[in-house]
Amino acid sequence: MRKQKQKSCKECGKMFTQYKSTDKYCSYSCHNKAQKEKRKQQQQQYSGINDLSVQSEKELFLKVWYTRPRVSFLSGKKLNYEEESNFWYNLFAHALSKSKSKYPLFKLYSKNIILLTPEEHMLLDQGTELNRIAYAKKNGCDWHKVYDHQDLLKQEYSDKYDK
């Protein structure tokens with residue numbers, strides 16, 4: 001029979017029975033509390049450009065919504081959506097991906113946010129070049145406007161961070 005260790009909880013300090021060597025917390029709530037604190041610290045460590053001094057993407061989106069014309073960057077279509085409706089967040093596209101492996105330091109940079117219709121946003125993130133060409137023909141717009149903007153941002157990113 002395996003002997004079980006008594007261990008001190010990493011979060012609250014209470015003693016608990018450690019069944020697995022990976023157990024570090026006395027309860028699920030202590031584990032969740034520690035994870036929330038860890039996420040909070042990671043958010044505070046953001047060292048990218050934050051030109052509008054915002055704390056979150058939601059706050060950035062609100063500032064963009066109130067300072068820019070409410071039309072698509074690509075097609076010029078009007079964006080008539082209620083704040084925080086189901087599709088409202090889909091109107092805000094990161095021109096350069098905010099993923100950690102690509103351009104994470106531009107996550108809260110207002111120049112990296114472009115307003116698009118939800119369909120255009122989906123085409124930018126997941127569509128094929130053929131889908132984009134078909135959309136451009138149907139709606140009289142040119143995806144090169146987005147691509148040129150991305151190129152300018154990529155150059156700015158490499159000038160600031162790829163040294």
# chains A, B, ... in the order shown; residues from 1 in each chain; ligands from 1

call {"tool": "residues_around", "arguments": {"residues": "Met15 in chain A", "least_positions_apart": "4", "cutoff": "9 Å", "atoms": "only C-alpha atoms", "output": "compact mmCIF listing (two decimals) with C-alpha atoms, in the first residue's frame"}}
result
# COMPACT_ATOMS: atom_id res chain seq x y z
CA GLN A 6 0.94 15.44 3.85
CA LYS A 7 1.68 18.59 1.90
CA SER A 8 1.23 22.31 2.51
CA CYS A 9 -1.15 24.03 0.07
CA CYS A 26 -5.73 21.62 -0.98

call {"tool": "residues_around", "arguments": {"residues": "Tyr103 in chain A", "least_positions_apart": "6", "cutoff": "8 Å", "atoms": "only C-alpha atoms", "output": "MDAnalysis selection string"}}
result
chainID A and resid 96:97 157

call {"tool": "closest_residue", "arguments": {"among": "A:Tyr109, A:Phe61, A:Tyr46, A:Tyr66", "to": "Glu84 in chain A", "atoms": "only C-alpha atoms"}}
result
A:Phe61

call {"tool": "select_by_dssp", "arguments": {"residues": "range 21-159 of chain A", "states": "alpha helix (DSSP H)", "output": "PyMOL selection string"}}
result
chain A and resi 28-44+57-67+118-126+129-139+144-159

call {"tool": "write_last_selection", "arguments": {"atoms": "C-alpha atoms", "output": "PDB file, in the first residue's frame"}}
result
ATOM      1  CA  TYR A  28     -10.238  23.234  -6.397  1.00  0.00           C
ATOM      2  CA  SER A  29     -11.028  26.736  -5.126  1.00  0.00           C
ATOM      3  CA  CYS A  30      -7.411  27.310  -4.033  1.00  0.00           C
ATOM      4  CA  HIS A  31      -6.243  26.081  -7.439  1.00  0.00           C
ATOM      5  CA  ASN A  32      -8.657  28.464  -9.229  1.00  0.00           C
ATOM      6  CA  LYS A  33      -7.617  31.362  -7.020  1.00  0.00           C
ATOM      7  CA  ALA A  34      -3.950  30.736  -7.829  1.00  0.00           C
ATOM      8  CA  GLN A  35      -4.701  30.468 -11.555  1.00  0.00           C
ATOM      9  CA  LYS A  36      -6.643  33.763 -11.527  1.00  0.00           C
ATOM     10  CA  GLU A  37      -3.739  35.474  -9.793  1.00  0.00           C
ATOM     11  CA  LYS A  38      -1.312  34.030 -12.330  1.00  0.00           C
ATOM     12  CA  ARG A  39      -3.446  35.313 -15.247  1.00  0.00           C
ATOM     13  CA  LYS A  40      -3.719  38.724 -13.609  1.00  0.00           C
ATOM     14  CA  GLN A  41       0.069  38.953 -13.323  1.00  0.00           C
ATOM     15  CA  GLN A  42       0.496  37.898 -16.941  1.00  0.00           C
ATOM     16  CA  GLN A  43      -1.915  40.629 -18.060  1.00  0.00           C
ATOM     17  CA  GLN A  44       0.032  43.229 -16.094  1.00  0.00           C
ATOM     18  CA  GLU A  57      -9.189  44.772 -25.585  1.00  0.00           C
ATOM     19  CA  LYS A  58     -12.776  45.655 -24.714  1.00  0.00           C
ATOM     20  CA  GLU A  59     -11.667  49.111 -23.551  1.00  0.00           C
ATOM     21  CA  LEU A  60      -9.573  49.512 -26.706  1.00  0.00           C
ATOM     22  CA  PHE A  61     -12.554  48.551 -28.876  1.00  0.00           C
ATOM     23  CA  LEU A  62     -14.767  51.096 -27.112  1.00  0.00           C
ATOM     24  CA  LYS A  63     -12.243  53.892 -27.689  1.00  0.00           C
ATOM     25  CA  VAL A  64     -11.879  52.931 -31.352  1.00  0.00           C
ATOM     26  CA  TRP A  65     -15.686  52.756 -31.720  1.00  0.00           C
ATOM     27  CA  TYR A  66     -16.110  56.306 -30.405  1.00  0.00           C
ATOM     28  CA  THR A  67     -13.205  57.900 -32.251  1.00  0.00           C
ATOM     29  CA  PRO A 118     -18.264  40.303 -39.375  1.00  0.00           C
ATOM     30  CA  GLU A 119     -18.070  38.597 -42.794  1.00  0.00           C
ATOM     31  CA  GLU A 120     -14.942  40.563 -43.758  1.00  0.00           C
ATOM     32  CA  HIS A 121     -13.353  39.772 -40.386  1.00  0.00           C
ATOM     33  CA  MET A 122     -13.994  36.066 -40.935  1.00  0.00           C
ATOM     34  CA  LEU A 123     -12.522  36.271 -44.440  1.00  0.00           C
ATOM     35  CA  LEU A 124      -9.423  38.055 -43.116  1.00  0.00           C
ATOM     36  CA  ASP A 125      -8.803  35.501 -40.366  1.00  0.00           C
ATOM     37  CA  GLN A 126      -9.957  32.253 -41.981  1.00  0.00           C
ATOM     38  CA  GLU A 129      -7.484  34.155 -51.210  1.00  0.00           C
ATOM     39  CA  LEU A 130     -10.179  32.942 -53.624  1.00  0.00           C
ATOM     40  CA  ASN A 131     -12.910  33.749 -51.067  1.00  0.00           C
ATOM     41  CA  ARG A 132     -11.482  37.247 -50.643  1.00  0.00           C
ATOM     42  CA  ILE A 133     -11.274  37.842 -54.393  1.00  0.00           C
ATOM     43  CA  ALA A 134     -14.911  36.761 -54.820  1.00  0.00           C
ATOM     44  CA  TYR A 135     -15.987  39.051 -51.963  1.00  0.00           C
ATOM     45  CA  ALA A 136     -14.015  41.981 -53.447  1.00  0.00           C
ATOM     46  CA  LYS A 137     -15.638  41.544 -56.868  1.00  0.00           C
ATOM     47  CA  LYS A 138     -19.117  41.267 -55.375  1.00  0.00           C
ATOM     48  CA  ASN A 139     -18.698  44.326 -53.116  1.00  0.00           C
ATOM     49  CA  HIS A 144      -4.805  45.319 -51.012  1.00  0.00           C
ATOM     50  CA  LYS A 145      -5.914  48.169 -48.769  1.00  0.00           C
ATOM     51  CA  VAL A 146      -5.751  45.712 -45.829  1.00  0.00           C
ATOM     52  CA  TYR A 147      -2.552  44.068 -47.085  1.00  0.00           C
ATOM     53  CA  ASP A 148      -0.814  47.454 -47.467  1.00  0.00           C
ATOM     54  CA  HIS A 149      -1.849  48.379 -43.918  1.00  0.00           C
ATOM     55  CA  GLN A 150      -0.466  45.043 -42.673  1.00  0.00           C
ATOM     56  CA  ASP A 151       2.831  45.691 -44.481  1.00  0.00           C
ATOM     57  CA  LEU A 152       3.186  49.105 -42.803  1.00  0.00           C
ATOM     58  CA  LEU A 153       2.507  47.559 -39.381  1.00  0.00           C
ATOM     59  CA  LYS A 154       4.960  44.703 -40.020  1.00  0.00           C
ATOM     60  CA  GLN A 155       7.642  47.243 -40.880  1.00  0.00           C
ATOM     61  CA  GLU A 156       6.868  49.241 -37.734  1.00  0.00           C
ATOM     62  CA  TYR A 157       6.955  46.039 -35.634  1.00  0.00           C
ATOM     63  CA  SER A 158      10.316  44.973 -37.036  1.00  0.00           C
ATOM     64  CA  ASP A 159      11.750  48.478 -36.560  1.00  0.00           C
TER      65      ASP A 159
END

call {"tool": "atom_distance", "arguments": {"atom1": "CA of Ser99 in chain A", "atom2": "CA of Asn112 in chain A"}}
result
12.9 Å

call {"tool": "decode", "arguments": {"residues": "range 2-129 of chain A", "atoms": "C-alpha atoms", "output": "PDB file, in the first residue's frame"}}
result
ATOM      1  CA  ARG A   2       1.313   3.372  -1.006  1.00  0.00           C
ATOM      2  CA  LYS A   3       2.031   5.893   1.719  1.00  0.00           C
ATOM      3  CA  GLN A   4       0.386   9.274   1.141  1.00  0.00           C
ATOM      4  CA  LYS A   5       2.226  12.461   1.956  1.00  0.00           C
ATOM      5  CA  GLN A   6       0.942  15.440   3.853  1.00  0.00           C
ATOM      6  CA  LYS A   7       1.682  18.587   1.899  1.00  0.00           C
ATOM      7  CA  SER A   8       1.234  22.305   2.508  1.00  0.00           C
ATOM      8  CA  CYS A   9      -1.152  24.033   0.065  1.00  0.00           C
ATOM      9  CA  LYS A  10       0.701  26.413  -2.228  1.00  0.00           C
ATOM     10  CA  GLU A  11      -2.126  28.977  -1.979  1.00  0.00           C
ATOM     11  CA  CYS A  12      -3.458  28.975   1.598  1.00  0.00           C
ATOM     12  CA  GLY A  13      -0.831  26.994   3.534  1.00  0.00           C
ATOM     13  CA  LYS A  14      -3.241  24.362   4.952  1.00  0.00           C
ATOM     14  CA  MET A  15      -1.986  20.788   5.180  1.00  0.00           C
ATOM     15  CA  PHE A  16      -3.640  18.282   2.820  1.00  0.00           C
ATOM     16  CA  THR A  17      -3.124  14.711   1.689  1.00  0.00           C
ATOM     17  CA  GLN A  18      -1.162  14.614  -1.549  1.00  0.00           C
ATOM     18  CA  TYR A  19      -2.428  11.746  -3.714  1.00  0.00           C
ATOM     19  CA  LYS A  20      -0.398  12.598  -6.806  1.00  0.00           C
ATOM     20  CA  SER A  21       3.034  14.174  -6.957  1.00  0.00           C
ATOM     21  CA  THR A  22       1.540  16.987  -9.068  1.00  0.00           C
ATOM     22  CA  ASP A  23      -1.020  18.024  -6.393  1.00  0.00           C
ATOM     23  CA  LYS A  24      -0.079  21.463  -5.055  1.00  0.00           C
ATOM     24  CA  TYR A  25      -3.386  22.812  -3.742  1.00  0.00           C
ATOM     25  CA  CYS A  26      -5.732  21.623  -0.984  1.00  0.00           C
ATOM     26  CA  SER A  27      -8.877  22.269  -3.010  1.00  0.00           C
ATOM     27  CA  TYR A  28     -10.238  23.234  -6.397  1.00  0.00           C
ATOM     28  CA  SER A  29     -11.028  26.736  -5.126  1.00  0.00           C
ATOM     29  CA  CYS A  30      -7.411  27.310  -4.033  1.00  0.00           C
ATOM     30  CA  HIS A  31      -6.243  26.081  -7.439  1.00  0.00           C
ATOM     31  CA  ASN A  32      -8.657  28.464  -9.229  1.00  0.00           C
ATOM     32  CA  LYS A  33      -7.617  31.362  -7.020  1.00  0.00           C
ATOM     33  CA  ALA A  34      -3.950  30.736  -7.829  1.00  0.00           C
ATOM     34  CA  GLN A  35      -4.701  30.468 -11.555  1.00  0.00           C
ATOM     35  CA  LYS A  36      -6.643  33.763 -11.527  1.00  0.00           C
ATOM     36  CA  GLU A  37      -3.739  35.474  -9.793  1.00  0.00           C
ATOM     37  CA  LYS A  38      -1.312  34.030 -12.330  1.00  0.00           C
ATOM     38  CA  ARG A  39      -3.446  35.313 -15.247  1.00  0.00           C
ATOM     39  CA  LYS A  40      -3.719  38.724 -13.609  1.00  0.00           C
ATOM     40  CA  GLN A  41       0.069  38.953 -13.323  1.00  0.00           C
ATOM     41  CA  GLN A  42       0.496  37.898 -16.941  1.00  0.00           C
ATOM     42  CA  GLN A  43      -1.915  40.629 -18.060  1.00  0.00           C
ATOM     43  CA  GLN A  44       0.032  43.229 -16.094  1.00  0.00           C
ATOM     44  CA  GLN A  45       3.257  42.124 -17.791  1.00  0.00           C
ATOM     45  CA  TYR A  46       2.103  43.339 -21.213  1.00  0.00           C
ATOM     46  CA  SER A  47       5.020  45.310 -22.595  1.00  0.00           C
ATOM     47  CA  GLY A  48       3.756  46.097 -26.080  1.00  0.00           C
ATOM     48  CA  ILE A  49       2.467  49.345 -27.482  1.00  0.00           C
ATOM     49  CA  ASN A  50      -0.588  50.652 -25.648  1.00  0.00           C
ATOM     50  CA  ASP A  51      -1.047  54.049 -27.291  1.00  0.00           C
ATOM     51  CA  LEU A  52      -4.518  54.679 -25.810  1.00  0.00           C
ATOM     52  CA  SER A  53      -3.577  53.572 -22.259  1.00  0.00           C
ATOM     53  CA  VAL A  54      -6.228  50.864 -22.051  1.00  0.00           C
ATOM     54  CA  GLN A  55      -6.385  47.879 -19.709  1.00  0.00           C
ATOM     55  CA  SER A  56      -8.167  45.433 -22.012  1.00  0.00           C
ATOM     56  CA  GLU A  57      -9.189  44.772 -25.585  1.00  0.00           C
ATOM     57  CA  LYS A  58     -12.776  45.655 -24.714  1.00  0.00           C
ATOM     58  CA  GLU A  59     -11.667  49.111 -23.551  1.00  0.00           C
ATOM     59  CA  LEU A  60      -9.573  49.512 -26.706  1.00  0.00           C
ATOM     60  CA  PHE A  61     -12.554  48.551 -28.876  1.00  0.00           C
ATOM     61  CA  LEU A  62     -14.767  51.096 -27.112  1.00  0.00           C
ATOM     62  CA  LYS A  63     -12.243  53.892 -27.689  1.00  0.00           C
ATOM     63  CA  VAL A  64     -11.879  52.931 -31.352  1.00  0.00           C
ATOM     64  CA  TRP A  65     -15.686  52.756 -31.720  1.00  0.00           C
ATOM     65  CA  TYR A  66     -16.110  56.306 -30.405  1.00  0.00           C
ATOM     66  CA  THR A  67     -13.205  57.900 -32.251  1.00  0.00           C
ATOM     67  CA  ARG A  68     -13.444  56.447 -35.752  1.00  0.00           C
ATOM     68  CA  PRO A  69     -16.121  56.540 -38.417  1.00  0.00           C
ATOM     69  CA  ARG A  70     -18.337  53.467 -38.071  1.00  0.00           C
ATOM     70  CA  VAL A  71     -17.620  52.118 -41.515  1.00  0.00           C
ATOM     71  CA  SER A  72     -15.658  49.117 -42.748  1.00  0.00           C
ATOM     72  CA  PHE A  73     -11.966  49.804 -43.398  1.00  0.00           C
ATOM     73  CA  LEU A  74     -12.198  47.512 -46.441  1.00  0.00           C
ATOM     74  CA  SER A  75     -15.528  48.160 -48.111  1.00  0.00           C
ATOM     75  CA  GLY A  76     -16.803  51.384 -46.559  1.00  0.00           C
ATOM     76  CA  LYS A  77     -20.037  49.630 -45.516  1.00  0.00           C
ATOM     77  CA  LYS A  78     -21.823  51.216 -42.551  1.00  0.00           C
ATOM     78  CA  LEU A  79     -21.482  49.337 -39.270  1.00  0.00           C
ATOM     79  CA  ASN A  80     -24.818  49.719 -37.477  1.00  0.00           C
ATOM     80  CA  TYR A  81     -24.466  47.536 -34.418  1.00  0.00           C
ATOM     81  CA  GLU A  82     -25.418  48.036 -30.796  1.00  0.00           C
ATOM     82  CA  GLU A  83     -22.478  48.080 -28.399  1.00  0.00           C
ATOM     83  CA  GLU A  84     -21.779  44.644 -27.063  1.00  0.00           C
ATOM     84  CA  SER A  85     -24.396  42.940 -29.235  1.00  0.00           C
ATOM     85  CA  ASN A  86     -23.537  39.405 -30.351  1.00  0.00           C
ATOM     86  CA  PHE A  87     -21.642  40.648 -33.397  1.00  0.00           C
ATOM     87  CA  TRP A  88     -20.165  43.835 -31.960  1.00  0.00           C
ATOM     88  CA  TYR A  89     -16.774  42.294 -31.073  1.00  0.00           C
ATOM     89  CA  ASN A  90     -16.549  40.805 -34.575  1.00  0.00           C
ATOM     90  CA  LEU A  91     -16.305  44.338 -35.982  1.00  0.00           C
ATOM     91  CA  PHE A  92     -12.804  44.770 -34.536  1.00  0.00           C
ATOM     92  CA  ALA A  93     -10.056  42.920 -36.373  1.00  0.00           C
ATOM     93  CA  HIS A  94      -6.381  42.834 -35.529  1.00  0.00           C
ATOM     94  CA  ALA A  95      -4.652  43.589 -38.827  1.00  0.00           C
ATOM     95  CA  LEU A  96      -1.645  41.625 -37.532  1.00  0.00           C
ATOM     96  CA  SER A  97      -2.347  38.544 -35.449  1.00  0.00           C
ATOM     97  CA  LYS A  98      -2.096  39.102 -31.694  1.00  0.00           C
ATOM     98  CA  SER A  99      -1.054  35.488 -31.041  1.00  0.00           C
ATOM     99  CA  LYS A 100       2.078  34.956 -28.964  1.00  0.00           C
ATOM    100  CA  SER A 101       3.884  33.429 -31.929  1.00  0.00           C
ATOM    101  CA  LYS A 102       3.237  36.351 -34.258  1.00  0.00           C
ATOM    102  CA  TYR A 103       2.717  39.994 -33.126  1.00  0.00           C
ATOM    103  CA  PRO A 104       1.763  39.917 -29.413  1.00  0.00           C
ATOM    104  CA  LEU A 105       3.199  43.372 -28.724  1.00  0.00           C
ATOM    105  CA  PHE A 106       0.597  44.971 -31.005  1.00  0.00           C
ATOM    106  CA  LYS A 107      -2.396  43.440 -29.175  1.00  0.00           C
ATOM    107  CA  LEU A 108      -3.461  46.776 -27.612  1.00  0.00           C
ATOM    108  CA  TYR A 109      -2.099  49.057 -30.352  1.00  0.00           C
ATOM    109  CA  SER A 110      -4.933  51.082 -31.860  1.00  0.00           C
ATOM    110  CA  LYS A 111      -3.312  51.204 -35.319  1.00  0.00           C
ATOM    111  CA  ASN A 112      -3.490  47.405 -35.388  1.00  0.00           C
ATOM    112  CA  ILE A 113      -7.290  47.464 -35.031  1.00  0.00           C
ATOM    113  CA  ILE A 114      -9.356  47.866 -38.166  1.00  0.00           C
ATOM    114  CA  LEU A 115     -13.145  47.963 -38.356  1.00  0.00           C
ATOM    115  CA  LEU A 116     -14.641  45.317 -40.644  1.00  0.00           C
ATOM    116  CA  THR A 117     -18.032  43.715 -41.109  1.00  0.00           C
ATOM    117  CA  PRO A 118     -18.264  40.303 -39.375  1.00  0.00           C
ATOM    118  CA  GLU A 119     -18.070  38.597 -42.794  1.00  0.00           C
ATOM    119  CA  GLU A 120     -14.942  40.563 -43.758  1.00  0.00           C
ATOM    120  CA  HIS A 121     -13.353  39.772 -40.386  1.00  0.00           C
ATOM    121  CA  MET A 122     -13.994  36.066 -40.935  1.00  0.00           C
ATOM    122  CA  LEU A 123     -12.522  36.271 -44.440  1.00  0.00           C
ATOM    123  CA  LEU A 124      -9.423  38.055 -43.116  1.00  0.00           C
ATOM    124  CA  ASP A 125      -8.803  35.501 -40.366  1.00  0.00           C
ATOM    125  CA  GLN A 126      -9.957  32.253 -41.981  1.00  0.00           C
ATOM    126  CA  GLY A 127     -10.833  32.868 -45.600  1.00  0.00           C
ATOM    127  CA  THR A 128      -8.858  31.768 -48.617  1.00  0.00           C
ATOM    128  CA  GLU A 129      -7.484  34.155 -51.210  1.00  0.00           C
TER     129      GLU A 129
END
